Amino acid sequence: KEKMNPLMILTLAVTHFFVLIVPSPDILLILRTSLASGYKEAIAASLGVGCGIVIWIFLTVLGLNALFLAFPAIQILLMITSSLYLLYLGVGILRSLKSGSSLNLNGKATKGGLRKFFITGFFTNLSNPKAVLYFASVFSVFVSSLDSLWQLLGVAFFISFESLCVFLLVGKIFSSKKPREIFLNNQKILDAVCGAIFIVFALLIAYECYQKIQG
């Protein structure tokens, strides 16, 4: 097998970057958290997403793709759980519109502290269908070229650090005053769109799960 080399590392970095910025539940969560709650909350959510990515990396090393092939029911169960969680997030955002709670640049309506944002980021990443496909297929190709524990730990740190940097940059940009003012002035409309997108993600996973069961 071909061993990991600088070109492969660069390819992995570029590939992972585009995976991160393509619209997904992860990036949508960071965007909304930044706009609605601020930078500290976006950091907490980013750390949660990063921890989820670390778990996916080690599951890939342990043979995630082979596990799905040998036991399809596990993937189906994971997809059902993912769909339900994203549906829960989407409905929760839409329900917040009825509560009439409003945010301002200095105060937050969300309760639970930073830990809640961390947990939400963590489980959003674990329920991200793109993460399942990426780590079980594309990323596993790179993992197959690793031949030592230190290389594995190095790649895990590198990918996690890259992910965290991207999400923190997004959080920093969109938690600044002007983007937040625009969001807060149009909060109900943008929250409705955000909630609807989460629900669409949930329905797409449910449909794909249905196709797998039928197939």
# chains A, B, ... in the order shown; residues from 1 in each chain; ligands from 1
$ closest_atom_pairs --of "range 162-211 of chain A" --to "range 122-129 of chain A" --cutoff "12 Å" --atoms "only C-alpha atoms" --output "tab-separated table"
residue	atom	partner	partner_atom	distance
A:Ser163	CA	A:Asn125	CA	11.6
A:Phe198	CA	A:Thr124	CA	10.3
A:Phe201	CA	A:Pro129	CA	8.4
A:Ala202	CA	A:Pro129	CA	9.2
A:Leu203	CA	A:Pro129	CA	11.4
A:Leu204	CA	A:Pro129	CA	9.3
A:Ile205	CA	A:Pro129	CA	7.0
A:Ala206	CA	A:Pro129	CA	10.5
A:Glu208	CA	A:Pro129	CA	10.1
A:Cys209	CA	A:Pro129	CA	10.8
$ residues_around --residues "Lys172 in chain A" --least-positions-apart "4" --cutoff "10 Å" --atoms "only C-alpha atoms" --output "PDB file with N, CA, C and O atoms, in the first residue's frame"
ATOM      1  N   LEU A  31     -23.202  28.605  12.124  1.00  0.00           N
ATOM      2  CA  LEU A  31     -23.691  29.890  11.609  1.00  0.00           C
ATOM      3  C   LEU A  31     -24.794  30.457  12.498  1.00  0.00           C
ATOM      4  O   LEU A  31     -24.739  31.616  12.912  1.00  0.00           O
ATOM      5  N   SER A  34     -23.538  31.473  15.997  1.00  0.00           N
ATOM      6  CA  SER A  34     -22.774  32.717  15.944  1.00  0.00           C
ATOM      7  C   SER A  34     -23.694  33.929  15.859  1.00  0.00           C
ATOM      8  O   SER A  34     -23.521  34.913  16.578  1.00  0.00           O
ATOM      9  N   LEU A  35     -24.679  33.833  14.980  1.00  0.00           N
ATOM     10  CA  LEU A  35     -25.581  34.956  14.750  1.00  0.00           C
ATOM     11  C   LEU A  35     -26.537  35.182  15.916  1.00  0.00           C
ATOM     12  O   LEU A  35     -26.785  36.314  16.327  1.00  0.00           O
ATOM     13  N   GLY A  38     -23.650  34.450  19.760  1.00  0.00           N
ATOM     14  CA  GLY A  38     -22.357  35.090  19.927  1.00  0.00           C
ATOM     15  C   GLY A  38     -21.177  34.157  19.781  1.00  0.00           C
ATOM     16  O   GLY A  38     -21.335  32.946  19.570  1.00  0.00           O
ATOM     17  N   TYR A  39     -19.980  34.719  19.916  1.00  0.00           N
ATOM     18  CA  TYR A  39     -18.753  33.976  19.609  1.00  0.00           C
ATOM     19  C   TYR A  39     -18.423  32.903  20.646  1.00  0.00           C
ATOM     20  O   TYR A  39     -17.986  31.809  20.296  1.00  0.00           O
ATOM     21  N   LYS A  40     -18.608  33.186  21.945  1.00  0.00           N
ATOM     22  CA  LYS A  40     -18.303  32.190  22.964  1.00  0.00           C
ATOM     23  C   LYS A  40     -19.151  30.939  22.780  1.00  0.00           C
ATOM     24  O   LYS A  40     -18.663  29.813  22.915  1.00  0.00           O
ATOM     25  N   ALA A  42     -20.452  30.002  19.932  1.00  0.00           N
ATOM     26  CA  ALA A  42     -19.985  29.361  18.704  1.00  0.00           C
ATOM     27  C   ALA A  42     -18.730  28.518  18.969  1.00  0.00           C
ATOM     28  O   ALA A  42     -18.551  27.448  18.385  1.00  0.00           O
ATOM     29  N   ILE A  43     -17.857  29.007  19.858  1.00  0.00           N
ATOM     30  CA  ILE A  43     -16.668  28.228  20.235  1.00  0.00           C
ATOM     31  C   ILE A  43     -17.081  26.912  20.890  1.00  0.00           C
ATOM     32  O   ILE A  43     -16.550  25.841  20.570  1.00  0.00           O
ATOM     33  N   VAL A 166     -11.600  26.173  11.020  1.00  0.00           N
ATOM     34  CA  VAL A 166     -12.612  26.609  10.049  1.00  0.00           C
ATOM     35  C   VAL A 166     -13.873  27.077  10.767  1.00  0.00           C
ATOM     36  O   VAL A 166     -14.425  28.156  10.476  1.00  0.00           O
ATOM     37  N   PHE A 167     -14.335  26.286  11.738  1.00  0.00           N
ATOM     38  CA  PHE A 167     -15.566  26.643  12.436  1.00  0.00           C
ATOM     39  C   PHE A 167     -15.391  27.887  13.302  1.00  0.00           C
ATOM     40  O   PHE A 167     -16.310  28.710  13.414  1.00  0.00           O
ATOM     41  N   LEU A 168     -14.215  28.029  13.912  1.00  0.00           N
ATOM     42  CA  LEU A 168     -13.965  29.223  14.720  1.00  0.00           C
ATOM     43  C   LEU A 168     -13.894  30.475  13.849  1.00  0.00           C
ATOM     44  O   LEU A 168     -14.349  31.554  14.259  1.00  0.00           O
ATOM     45  N   SER A 176     -19.754  38.885  14.623  1.00  0.00           N
ATOM     46  CA  SER A 176     -19.441  40.310  14.697  1.00  0.00           C
ATOM     47  C   SER A 176     -20.739  41.128  14.665  1.00  0.00           C
ATOM     48  O   SER A 176     -21.814  40.614  14.354  1.00  0.00           O
TER      49      SER A 176
END
$ closest_residue --among "A:Ile21, A:Ala36, A:Val200, A:Ile213" --to "Cys165 in chain A" --atoms "only C-alpha atoms"
A:Ile21
$ residues_around --residues "Ile76 in chain A" --least-positions-apart "4" --cutoff "9 Å" --atoms "only C-alpha atoms" --output "MDAnalysis selection string"
chainID A and resid 68 72 80:81 209:210 212:213
$ closest_residue --among "A:Phe157, A:Tyr207, A:Trp150, A:Phe135" --to "Trp56 in chain A" --atoms "only C-alpha atoms"
A:Phe135
$ select_by_dssp --residues "range 57-175 of chain A" --states "alpha helix (DSSP H)" --output "JSON, numbers by chain"
{"A": [57, 58, 59, 60, 61, 64, 65, 66, 67, 68, 69, 70, 72, 73, 74, 75, 76, 77, 78, 79, 80, 81, 82, 83, 84, 85, 86, 87, 88, 89, 90, 91, 92, 93, 94, 95, 96, 97, 98, 99, 113, 114, 115, 116, 117, 118, 119, 120, 121, 122, 123, 124, 125, 126, 129, 130, 131, 132, 133, 139, 140, 141, 142, 143, 149, 150, 151, 152, 153, 154, 155, 156, 157, 158, 159, 160, 161, 162, 163, 164, 165, 166, 167, 168, 169, 170, 171, 172, 173, 174]}
$ closest_residue --among "A:Val14, A:Ile27, A:Cys51, A:Leu78" --to "Phe161 in chain A" --atoms "only C-alpha atoms"
A:Cys51
$ residues_around --residues "range 187-194 of chain A" --least-positions-apart "2" --cutoff "8 Å" --atoms "only C-alpha atoms" --output "list in words"
Leu28, Arg32, Gly90, Ile93, Leu94, Leu97, Phe183, Leu184, Asn185, Ala196, Ile197 and Phe198 of chain A
$ atom_distance --atom1 "CA of Ser160 in chain A" --atom2 "CA of Ile53 in chain A"
6.6 Å
$ closest_residue --among "A:Leu149, A:Leu47, A:Ala131, A:Val141" --to "Pro23 in chain A" --atoms "only C-alpha atoms"
A:Ala131
$ atom_distance --atom1 "CA of Gln75 in chain A" --atom2 "CA of Gly121 in chain A"
21.0 Å
$ closest_residue --among "A:Ala73, A:Met79, A:Leu29, A:Leu7" --to "Val132 in chain A" --atoms "only C-alpha atoms"
A:Met79
$ residues_around --residues "Leu12 in chain A" --least-positions-apart "3" --cutoff "12 Å" --atoms "only C-alpha atoms" --output "PyMOL selection string"
chain A and resi 4-9+15-19+134-135+138-143+145+155-156+158-159+162
